[in-house]
>>> print(open('final-v9.pdb').read())   # PDB, C-alpha atoms
ATOM      1  CA  MET A   1     134.886 155.089  74.560
ATOM      2  CA  ALA A   2     137.664 152.743  73.536
ATOM      3  CA  GLU A   3     137.700 149.200  74.867
ATOM      4  CA  GLN A   4     139.141 148.679  78.340
ATOM      5  CA  VAL A   5     142.888 147.991  78.341
ATOM      6  CA  TYR A   6     144.234 145.319  80.736
ATOM      7  CA  TYR A   7     147.603 144.930  82.413
ATOM      8  CA  GLU A   8     148.324 141.788  80.405
ATOM      9  CA  ASP A   9     147.888 143.749  77.150
ATOM     10  CA  ILE A  10     150.612 146.256  77.985
ATOM     11  CA  ILE A  11     153.899 146.007  76.132
ATOM     12  CA  VAL A  12     156.844 147.889  77.621
ATOM     13  CA  ASP A  13     158.124 150.425  75.062
ATOM     14  CA  GLY A  14     154.722 150.418  73.340
ATOM     15  CA  GLU A  15     153.113 153.743  72.477
ATOM     16  CA  ILE A  16     149.780 154.849  73.850
ATOM     17  CA  PRO A  17     147.260 156.380  71.416
ATOM     18  CA  ALA A  18     148.084 160.018  70.631
ATOM     19  CA  LEU A  19     145.671 162.848  71.461
ATOM     20  CA  ILE A  20     145.607 165.887  69.198
ATOM     21  CA  LYS A  21     144.516 169.323  70.428
ATOM     22  CA  LYS A  22     144.388 172.709  68.798
ATOM     23  CA  PRO A  23     143.624 175.260  71.511
ATOM     24  CA  THR A  24     142.175 178.578  70.351
ATOM     25  CA  THR A  25     142.253 181.836  72.304
ATOM     26  CA  ARG A  26     138.600 181.047  73.135
ATOM     27  CA  GLN A  27     139.724 177.776  74.765
ATOM     28  CA  LEU A  28     142.347 179.682  76.777
ATOM     29  CA  VAL A  29     139.605 181.963  78.102
ATOM     30  CA  MET A  30     137.463 178.920  78.957
ATOM     31  CA  TRP A  31     140.439 177.407  80.780
ATOM     32  CA  ALA A  32     141.081 180.662  82.649
ATOM     33  CA  GLY A  33     137.478 180.617  83.888
ATOM     34  CA  ALA A  34     137.480 176.914  84.743
ATOM     35  CA  SER A  35     140.882 176.821  86.454
ATOM     36  CA  GLY A  36     140.918 180.293  88.013
ATOM     37  CA  ASP A  37     144.227 181.149  86.298
ATOM     38  CA  TYR A  38     143.605 184.714  85.166
ATOM     39  CA  TYR A  39     147.240 185.647  84.539
ATOM     40  CA  ALA A  40     146.933 188.015  81.565
ATOM     41  CA  ILE A  41     149.868 186.549  79.568
ATOM     42  CA  HIS A  42     147.244 184.013  78.445
ATOM     43  CA  TYR A  43     144.739 186.457  76.912
ATOM     44  CA  ASP A  44     146.233 189.978  76.594
ATOM     45  CA  LYS A  45     148.875 190.299  73.847
ATOM     46  CA  ASP A  46     150.195 193.694  75.025
ATOM     47  CA  PHE A  47     150.555 192.376  78.576
ATOM     48  CA  ALA A  48     152.263 189.190  77.317
ATOM     49  CA  GLN A  49     154.742 191.289  75.302
ATOM     50  CA  SER A  50     155.421 193.519  78.312
ATOM     51  CA  LYS A  51     156.568 190.315  80.080
ATOM     52  CA  GLY A  52     159.034 189.550  77.283
ATOM     53  CA  LEU A  53     156.836 186.961  75.532
ATOM     54  CA  PRO A  54     156.306 187.035  71.747
ATOM     55  CA  ARG A  55     152.519 186.847  72.174
ATOM     56  CA  VAL A  56     149.798 185.164  74.202
ATOM     57  CA  ILE A  57     150.856 181.661  75.320
ATOM     58  CA  VAL A  58     148.873 178.534  76.223
ATOM     59  CA  HIS A  59     148.617 177.821  79.979
ATOM     60  CA  GLY A  60     151.091 175.083  80.937
ATOM     61  CA  GLN A  61     148.449 173.556  83.167
ATOM     62  CA  LEU A  62     146.018 173.322  80.236
ATOM     63  CA  VAL A  63     148.610 171.255  78.377
ATOM     64  CA  ALA A  64     149.102 169.215  81.577
ATOM     65  CA  SER A  65     145.341 168.588  81.552
ATOM     66  CA  PHE A  66     145.535 167.494  77.899
ATOM     67  CA  LEU A  67     148.206 165.012  79.020
ATOM     68  CA  GLY A  68     145.864 163.959  81.838
ATOM     69  CA  GLN A  69     143.189 163.281  79.211
ATOM     70  CA  LEU A  70     145.724 161.342  77.107
ATOM     71  CA  VAL A  71     146.214 159.031  80.084
ATOM     72  CA  THR A  72     142.584 158.759  81.255
ATOM     73  CA  ASP A  73     141.414 158.045  77.658
ATOM     74  CA  TRP A  74     144.016 155.306  77.341
ATOM     75  CA  MET A  75     143.548 153.652  80.765
ATOM     76  CA  GLY A  76     139.721 153.578  80.483
ATOM     77  CA  GLY A  77     137.086 153.610  83.218
ATOM     78  CA  GLU A  78     138.672 150.686  85.100
ATOM     79  CA  GLY A  79     142.084 152.338  85.220
ATOM     80  CA  THR A  80     143.242 154.663  88.007
ATOM     81  CA  LEU A  81     145.662 157.547  87.561
ATOM     82  CA  CYS A  82     148.008 157.626  90.571
ATOM     83  CA  LYS A  83     150.603 160.185  89.590
ATOM     84  CA  LEU A  84     151.138 162.710  86.816
ATOM     85  CA  THR A  85     154.210 164.922  86.498
ATOM     86  CA  CYS A  86     154.759 167.626  83.896
ATOM     87  CA  SER A  87     157.747 169.902  83.252
ATOM     88  CA  TYR A  88     157.137 172.945  81.097
ATOM     89  CA  LYS A  89     160.091 173.120  78.690
ATOM     90  CA  GLY A  90     158.770 175.349  75.948
ATOM     91  CA  MET A  91     155.825 177.477  74.970
ATOM     92  CA  ASN A  92     152.700 176.580  73.063
ATOM     93  CA  PHE A  93     150.779 179.238  71.167
ATOM     94  CA  PRO A  94     147.043 179.332  70.463
ATOM     95  CA  GLY A  95     146.125 178.205  66.950
ATOM     96  CA  GLU A  96     148.947 175.663  66.846
ATOM     97  CA  THR A  97     148.455 171.911  66.986
ATOM     98  CA  ILE A  98     149.574 170.160  70.175
ATOM     99  CA  THR A  99     150.088 166.412  69.887
ATOM    100  CA  CYS A 100     150.080 164.502  73.181
ATOM    101  CA  ARG A 101     151.958 161.215  73.173
ATOM    102  CA  GLY A 102     153.074 158.542  75.595
ATOM    103  CA  ARG A 103     155.240 155.467  75.767
ATOM    104  CA  VAL A 104     155.185 152.688  78.372
ATOM    105  CA  THR A 105     158.433 152.469  80.324
ATOM    106  CA  ARG A 106     157.666 149.856  82.990
ATOM    107  CA  LYS A 107     154.993 147.475  84.305
ATOM    108  CA  TYR A 108     155.060 145.822  87.726
ATOM    109  CA  ILE A 109     152.883 144.293  90.426
ATOM    110  CA  GLU A 110     153.082 145.649  93.971
ATOM    111  CA  ASP A 111     150.677 144.894  96.846
ATOM    112  CA  GLU A 112     148.579 142.973  94.297
ATOM    113  CA  LYS A 113     148.083 146.128  92.236
ATOM    114  CA  HIS A 114     149.059 146.218  88.564
ATOM    115  CA  TYR A 115     151.066 149.344  87.853
ATOM    116  CA  VAL A 116     152.123 150.786  84.503
ATOM    117  CA  GLU A 117     154.477 153.751  84.098
ATOM    118  CA  CYS A 118     154.734 155.900  80.983
ATOM    119  CA  ASN A 119     156.708 158.793  79.660
ATOM    120  CA  ILE A 120     154.275 161.397  78.341
ATOM    121  CA  TRP A 121     154.909 164.525  76.342
ATOM    122  CA  ALA A 122     153.309 167.260  74.259
ATOM    123  CA  GLU A 123     154.753 168.211  70.875
ATOM    124  CA  SER A 124     154.253 171.517  69.112
ATOM    125  CA  ASP A 125     153.614 171.495  65.371
ATOM    126  CA  LYS A 126     157.346 172.160  64.909
ATOM    127  CA  GLY A 127     158.037 168.841  66.648
ATOM    128  CA  GLU A 128     159.399 170.518  69.800
ATOM    129  CA  LYS A 129     158.616 168.727  73.078
ATOM    130  CA  THR A 130     157.104 171.631  75.008
ATOM    131  CA  VAL A 131     155.879 169.645  78.021
ATOM    132  CA  THR A 132     157.394 166.372  79.209
ATOM    133  CA  GLY A 133     156.382 164.189  82.101
ATOM    134  CA  ARG A 134     155.530 160.822  83.526
ATOM    135  CA  ALA A 135     152.366 159.028  84.522
ATOM    136  CA  THR A 136     151.742 156.081  86.831
ATOM    137  CA  VAL A 137     148.449 154.198  86.533
ATOM    138  CA  ILE A 138     146.857 151.072  87.985
ATOM    139  CA  LEU A 139     145.181 148.901  85.373
ATOM    140  CA  PRO A 140     142.745 146.017  85.844
ATOM    141  CA  ALA A 141     144.115 142.507  85.292
ATOM    142  CA  ARG A 142     142.343 139.644  83.579
ATOM    143  CA  GLY A 143     143.416 137.610  86.610
TER     144      GLY A 143
ATOM    145  CA  MET B   1     148.150 184.733 114.039
ATOM    146  CA  THR B   2     151.152 183.354 112.258
ATOM    147  CA  GLU B   3     152.937 185.384 109.667
ATOM    148  CA  ASN B   4     151.690 184.782 106.148
ATOM    149  CA  PRO B   5     154.483 182.782 104.481
ATOM    150  CA  LEU B   6     153.307 183.643 100.967
ATOM    151  CA  ALA B   7     153.004 187.404 101.115
ATOM    152  CA  ALA B   8     156.354 189.037 101.734
ATOM    153  CA  ASP B   9     160.021 189.358 100.913
ATOM    154  CA  ASN B  10     162.734 187.184 102.406
ATOM    155  CA  LEU B  11     160.966 184.141 101.031
ATOM    156  CA  LYS B  12     163.925 181.939 101.841
ATOM    157  CA  ASP B  13     163.387 182.515 105.556
ATOM    158  CA  LYS B  14     159.860 181.148 105.247
ATOM    159  CA  ILE B  15     160.677 177.746 103.769
ATOM    160  CA  GLY B  16     158.623 175.107 105.550
ATOM    161  CA  GLN B  17     155.787 177.437 106.536
ATOM    162  CA  GLU B  18     152.195 176.498 105.762
ATOM    163  CA  ARG B  19     149.027 178.426 105.144
ATOM    164  CA  GLU B  20     145.414 177.240 105.165
ATOM    165  CA  PHE B  21     143.793 178.304 101.934
ATOM    166  CA  GLY B  22     140.169 177.681 102.854
ATOM    167  CA  ALA B  23     137.681 175.000 101.837
ATOM    168  CA  TYR B  24     135.853 174.924  98.509
ATOM    169  CA  GLU B  25     132.566 173.228  97.623
ATOM    170  CA  VAL B  26     132.703 171.219  94.407
ATOM    171  CA  GLU B  27     129.607 171.583  92.232
ATOM    172  CA  LYS B  28     128.669 169.475  89.220
ATOM    173  CA  GLY B  29     128.701 172.579  87.022
ATOM    174  CA  MET B  30     132.337 173.292  87.965
ATOM    175  CA  VAL B  31     133.360 169.797  86.878
ATOM    176  CA  GLN B  32     131.423 170.126  83.601
ATOM    177  CA  ARG B  33     132.929 173.523  82.910
ATOM    178  CA  PHE B  34     136.412 172.114  83.540
ATOM    179  CA  ALA B  35     135.837 169.121  81.218
ATOM    180  CA  ARG B  36     134.525 171.461  78.501
ATOM    181  CA  ALA B  37     137.527 173.762  78.899
ATOM    182  CA  ILE B  38     139.872 170.831  78.153
ATOM    183  CA  ASP B  39     137.413 169.566  75.513
ATOM    184  CA  ASP B  40     137.423 166.135  77.191
ATOM    185  CA  PRO B  41     134.237 164.216  76.314
ATOM    186  CA  ASN B  42     134.794 161.349  78.796
ATOM    187  CA  PRO B  43     131.283 160.482  80.113
ATOM    188  CA  LEU B  44     132.682 159.785  83.616
ATOM    189  CA  TRP B  45     132.995 163.556  84.077
ATOM    190  CA  GLN B  46     129.569 164.569  82.769
ATOM    191  CA  ASP B  47     127.100 161.747  82.083
ATOM    192  CA  GLU B  48     125.142 160.875  85.261
ATOM    193  CA  GLU B  49     123.740 157.655  83.834
ATOM    194  CA  TYR B  50     127.039 156.335  82.500
ATOM    195  CA  ALA B  51     128.976 157.368  85.606
ATOM    196  CA  GLY B  52     126.256 155.905  87.852
ATOM    197  CA  GLN B  53     126.872 152.475  86.330
ATOM    198  CA  SER B  54     130.660 152.786  86.616
ATOM    199  CA  ARG B  55     132.647 151.557  89.620
ATOM    200  CA  TYR B  56     132.459 155.107  91.003
ATOM    201  CA  GLY B  57     128.651 155.062  91.168
ATOM    202  CA  GLY B  58     128.447 158.692  90.000
ATOM    203  CA  ILE B  59     130.209 161.559  88.315
ATOM    204  CA  ILE B  60     133.834 162.165  89.261
ATOM    205  CA  ALA B  61     136.103 165.045  88.261
ATOM    206  CA  PRO B  62     139.047 164.581  85.864
ATOM    207  CA  PRO B  63     142.241 164.072  87.905
ATOM    208  CA  THR B  64     143.682 167.446  86.901
ATOM    209  CA  PHE B  65     140.505 169.241  88.099
ATOM    210  CA  ILE B  66     142.116 169.466  91.534
ATOM    211  CA  VAL B  67     144.368 172.327  90.369
ATOM    212  CA  SER B  68     141.281 174.524  89.934
ATOM    213  CA  ILE B  69     140.350 174.233  93.616
ATOM    214  CA  GLY B  70     141.585 177.416  95.229
ATOM    215  CA  GLY B  71     143.371 178.077  91.928
ATOM    216  CA  GLU B  72     142.209 181.665  91.592
ATOM    217  CA  GLN B  73     143.242 182.553  95.147
ATOM    218  CA  PHE B  74     146.624 180.857  94.748
ATOM    219  CA  GLY B  75     147.139 182.592  91.402
ATOM    220  CA  GLN B  76     146.592 185.987  93.007
ATOM    221  CA  VAL B  77     149.232 185.206  95.622
ATOM    222  CA  LEU B  78     151.682 184.224  92.887
ATOM    223  CA  MET B  79     151.030 187.381  90.864
ATOM    224  CA  ARG B  80     151.665 189.518  93.967
ATOM    225  CA  LEU B  81     154.810 187.564  94.752
ATOM    226  CA  PHE B  82     156.236 187.967  91.237
ATOM    227  CA  PRO B  83     154.690 191.097  89.708
ATOM    228  CA  GLU B  84     157.390 191.384  87.059
ATOM    229  CA  GLY B  85     157.263 187.998  85.419
ATOM    230  CA  LEU B  86     156.017 184.526  86.253
ATOM    231  CA  LEU B  87     156.105 181.171  84.491
ATOM    232  CA  HIS B  88     155.181 177.663  85.508
ATOM    233  CA  GLY B  89     158.151 175.298  85.851
ATOM    234  CA  SER B  90     156.587 171.965  86.693
ATOM    235  CA  THR B  91     153.614 170.195  88.257
ATOM    236  CA  THR B  92     153.592 166.900  90.130
ATOM    237  CA  LEU B  93     150.131 165.589  90.927
ATOM    238  CA  GLU B  94     149.521 162.617  93.226
ATOM    239  CA  CYS B  95     145.924 161.416  93.174
ATOM    240  CA  HIS B  96     144.692 159.546  96.234
ATOM    241  CA  GLN B  97     140.971 159.439  95.533
ATOM    242  CA  PRO B  98     138.571 160.971  93.027
ATOM    243  CA  VAL B  99     136.901 164.310  93.642
ATOM    244  CA  ARG B 100     133.101 164.247  93.368
ATOM    245  CA  PRO B 101     130.420 166.905  93.152
ATOM    246  CA  GLY B 102     129.304 167.666  96.702
ATOM    247  CA  ASP B 103     132.796 167.334  98.162
ATOM    248  CA  SER B 104     134.243 170.148 100.229
ATOM    249  CA  ILE B 105     137.975 170.343  99.599
ATOM    250  CA  ALA B 106     140.295 172.083 102.057
ATOM    251  CA  VAL B 107     143.536 173.411 100.597
ATOM    252  CA  THR B 108     146.825 173.854 102.479
ATOM    253  CA  VAL B 109     149.819 175.473 100.792
ATOM    254  CA  LYS B 110     153.359 174.932 102.088
ATOM    255  CA  LEU B 111     156.369 176.861 100.871
ATOM    256  CA  ALA B 112     158.699 173.918 100.223
ATOM    257  CA  ASN B 113     161.780 175.438  98.615
ATOM    258  CA  VAL B 114     163.233 178.671  97.207
ATOM    259  CA  ARG B 115     166.247 178.972  94.911
ATOM    260  CA  GLU B 116     167.586 182.175  93.388
ATOM    261  CA  ARG B 117     169.911 182.681  90.483
ATOM    262  CA  ARG B 118     171.346 185.815  88.858
ATOM    263  CA  ASP B 119     172.385 185.837  85.220
ATOM    264  CA  SER B 120     175.416 187.721  83.902
ATOM    265  CA  GLY B 121     173.267 190.853  83.388
ATOM    266  CA  GLY B 122     172.194 190.833  87.036
ATOM    267  CA  ALA B 123     168.584 189.762  86.455
ATOM    268  CA  LYS B 124     167.285 187.523  89.198
ATOM    269  CA  THR B 125     165.339 184.335  88.551
ATOM    270  CA  THR B 126     163.557 182.740  91.521
ATOM    271  CA  PHE B 127     162.492 179.097  91.562
ATOM    272  CA  VAL B 128     159.817 178.523  94.200
ATOM    273  CA  THR B 129     158.351 175.137  95.075
ATOM    274  CA  PHE B 130     154.961 174.832  96.767
ATOM    275  CA  ASP B 131     153.480 171.630  98.213
ATOM    276  CA  ILE B 132     149.701 171.793  98.159
ATOM    277  CA  THR B 133     147.558 169.311 100.090
ATOM    278  CA  TYR B 134     143.874 168.740  99.363
ATOM    279  CA  GLN B 135     141.604 167.079 101.953
ATOM    280  CA  ASN B 136     137.910 166.299 101.711
ATOM    281  CA  GLN B 137     135.115 166.941 104.224
ATOM    282  CA  ARG B 138     135.957 163.651 105.985
ATOM    283  CA  GLY B 139     139.551 164.746 106.536
ATOM    284  CA  GLU B 140     140.799 162.237 103.950
ATOM    285  CA  LEU B 141     143.736 163.057 101.696
ATOM    286  CA  VAL B 142     142.399 163.533  98.165
ATOM    287  CA  ALA B 143     145.505 164.747  96.353
ATOM    288  CA  ARG B 144     148.876 166.384  96.692
ATOM    289  CA  CYS B 145     150.272 168.744  94.140
ATOM    290  CA  GLN B 146     153.770 170.158  93.895
ATOM    291  CA  TYR B 147     154.259 173.267  91.798
ATOM    292  CA  MET B 148     157.557 174.765  90.799
ATOM    293  CA  MET B 149     157.062 178.383  89.748
ATOM    294  CA  VAL B 150     159.653 180.602  88.090
ATOM    295  CA  GLY B 151     159.663 184.308  88.868
ATOM    296  CA  TYR B 152     161.797 186.529  86.637
ATOM    297  CA  GLU B 153     162.770 190.200  86.394
ATOM    298  CA  THR B 154     161.487 191.561  83.110
ATOM    299  CA  GLU B 155     163.338 194.847  82.513
ATOM    300  CA  LYS B 156     166.740 193.635  83.625
ATOM    301  CA  ALA B 157     166.287 190.489  81.593
ATOM    302  CA  LYS B 158     165.573 192.552  78.485
ATOM    303  CA  HIS B 159     168.717 194.669  78.908
ATOM    304  CA  GLY B 160     170.877 191.852  80.266
TER     305      GLY B 160
END
>>> encode(input="final-v9.pdb", output="structure tokens")
Amino acid sequence: MAEQVYYEDIIVDGEIPALIKKPTTRQLVMWAGASGDYYAIHYDKDFAQSKGLPRVIVHGQLVASFLGQLVTDWMGGEGTLCKLTCSYKGMNFPGETITCRGRVTRKYIEDEKHYVECNIWAESDKGEKTVTGRATVILPARG
Amino acid sequence: MTENPLAADNLKDKIGQEREFGAYEVEKGMVQRFARAIDDPNPLWQDEEYAGQSRYGGIIAPPTFIVSIGGEQFGQVLMRLFPEGLLHGSTTLECHQPVRPGDSIAVTVKLANVRERRDSGGAKTTFVTFDITYQNQRGELVARCQYMMVGYETEKAKHG
């Protein structure tokens, strides 16, 4: 585990450490079992093509969970994730690299809590932003 | 018995209706399986000793775990609603407190909004927003999740 990050350390416009994933079809099946999303566009190529898709695609919610991990890894055990939003703009395919990134947009104190907001996104290996969103966390302060 | 807001045509007339989706027991194995599926090694999700010494005093689930609660049942509803084609538009997750093994989470789904659009070829695309509320066994709000789902007509879209 990385060292705990504190509110005072946060620089607006600073990047948060990237998280790189490379989901395989096996991981999609694991996600289907763990999440209960058994829609066959995620594991049956013929079915996916019958729905107008080029092939099997990665679950959007799996990518959203990668972005969740991006944020929980960065904020550490003393941080709290309050809100996570994700819009699914493009498709990710198994076997391709997905790079999750984030950038701090704002920090503020409200009701004595230390909030940090970030833009977060997932990039395909062609550099396309396939999922974009925002996260709001509470970080500990050195006081 | 109220009419099931998630099971029929004329969706637009059912905006605002809610349906109880049952309560689900959270087991440690479910949380571990979820963390492994993301390939997230954070010890808060899996390591009893580490998590026991954290401010949570025990294992908690990753924040996005909440989508798996009732996920299979909700997915079946969606597939029946849009048998031709279905994609996920967006997710907004508000976390109010962590989910822990041993919790019983009750799920309520509300049909929040429906928008329809036809392209020049006549194929219909439907944008449906659901507000899902998750409460624990003490009646406390654990999380809210808003999903926007996109239903599309496959054949018409192909020929459109």
>>> residues_around(input="final-v9.pdb", residues="range 106-120 of chain B", least_positions_apart="5", cutoff="8 Å", atoms="all atoms listed in the file", output="PDB file with C-alpha atoms, in the frame of the given file")
ATOM      1  CA  PRO B   5     154.483 182.782 104.481  1.00  0.00           C
ATOM      2  CA  LEU B   6     153.307 183.643 100.967  1.00  0.00           C
ATOM      3  CA  LEU B  11     160.966 184.141 101.031  1.00  0.00           C
ATOM      4  CA  LYS B  12     163.925 181.939 101.841  1.00  0.00           C
ATOM      5  CA  LYS B  14     159.860 181.148 105.247  1.00  0.00           C
ATOM      6  CA  ILE B  15     160.677 177.746 103.769  1.00  0.00           C
ATOM      7  CA  GLY B  16     158.623 175.107 105.550  1.00  0.00           C
ATOM      8  CA  GLN B  17     155.787 177.437 106.536  1.00  0.00           C
ATOM      9  CA  GLU B  18     152.195 176.498 105.762  1.00  0.00           C
ATOM     10  CA  ARG B  19     149.027 178.426 105.144  1.00  0.00           C
ATOM     11  CA  GLU B  20     145.414 177.240 105.165  1.00  0.00           C
ATOM     12  CA  PHE B  21     143.793 178.304 101.934  1.00  0.00           C
ATOM     13  CA  GLY B  22     140.169 177.681 102.854  1.00  0.00           C
ATOM     14  CA  ALA B  23     137.681 175.000 101.837  1.00  0.00           C
ATOM     15  CA  TYR B  24     135.853 174.924  98.509  1.00  0.00           C
ATOM     16  CA  ILE B  69     140.350 174.233  93.616  1.00  0.00           C
ATOM     17  CA  GLY B  70     141.585 177.416  95.229  1.00  0.00           C
ATOM     18  CA  THR B 125     165.339 184.335  88.551  1.00  0.00           C
ATOM     19  CA  THR B 126     163.557 182.740  91.521  1.00  0.00           C
ATOM     20  CA  PHE B 127     162.492 179.097  91.562  1.00  0.00           C
ATOM     21  CA  VAL B 128     159.817 178.523  94.200  1.00  0.00           C
ATOM     22  CA  THR B 129     158.351 175.137  95.075  1.00  0.00           C
ATOM     23  CA  PHE B 130     154.961 174.832  96.767  1.00  0.00           C
ATOM     24  CA  ASP B 131     153.480 171.630  98.213  1.00  0.00           C
ATOM     25  CA  ILE B 132     149.701 171.793  98.159  1.00  0.00           C
ATOM     26  CA  THR B 133     147.558 169.311 100.090  1.00  0.00           C
ATOM     27  CA  TYR B 134     143.874 168.740  99.363  1.00  0.00           C
ATOM     28  CA  GLN B 135     141.604 167.079 101.953  1.00  0.00           C
ATOM     29  CA  ASN B 136     137.910 166.299 101.711  1.00  0.00           C
ATOM     30  CA  GLN B 137     135.115 166.941 104.224  1.00  0.00           C
ATOM     31  CA  GLY B 160     170.877 191.852  80.266  1.00  0.00           C
TER      32      GLY B 160
END
>>> interface_residues(input="final-v9.pdb", of="chain B", to="chain A", cutoff="8 Å", atoms="all atoms listed in the file", output="number ranges by chain")
B: 30, 33-34, 37-38, 40, 42, 44, 54-55, 62-65, 67-73, 75, 79, 84-85, 88-96, 154, 158
>>> residues_around(input="final-v9.pdb", residues="Trp45 in chain B", least_positions_apart="2", cutoff="9 Å", atoms="all atoms listed in the file", output="list in words")
Lys28, Val31, Gln32, Ala35, Asp40, Pro41, Asn42, Pro43, Asp47, Glu48, Ala51, Gly58, Ile59, Ile60, Ala61 and Pro62 of chain B
>>> residues_near_point(input="final-v9.pdb", point="(148.5, 182.0, 69.1)", cutoff="9 Å", atoms="all atoms listed in the file", output="ChimeraX atom specification")
/A:23-25,55-58,92-96
>>> write_last_selection(input="final-v9.pdb", atoms="C-alpha atoms", output="tab-separated table (two decimals), in the coordinates of the input")
chain	number	residue	atom	x	y	z
A	23	PRO	CA	143.62	175.26	71.51
A	24	THR	CA	142.18	178.58	70.35
A	25	THR	CA	142.25	181.84	72.30
A	55	ARG	CA	152.52	186.85	72.17
A	56	VAL	CA	149.80	185.16	74.20
A	57	ILE	CA	150.86	181.66	75.32
A	58	VAL	CA	148.87	178.53	76.22
A	92	ASN	CA	152.70	176.58	73.06
A	93	PHE	CA	150.78	179.24	71.17
A	94	PRO	CA	147.04	179.33	70.46
A	95	GLY	CA	146.12	178.20	66.95
A	96	GLU	CA	148.95	175.66	66.85
>>> closest_residue(input="final-v9.pdb", among="A:Ile11, A:Ile16, A:Val71, A:Ala141", to="Glu112 in chain A", atoms="all atoms listed in the file")
A:Ala141
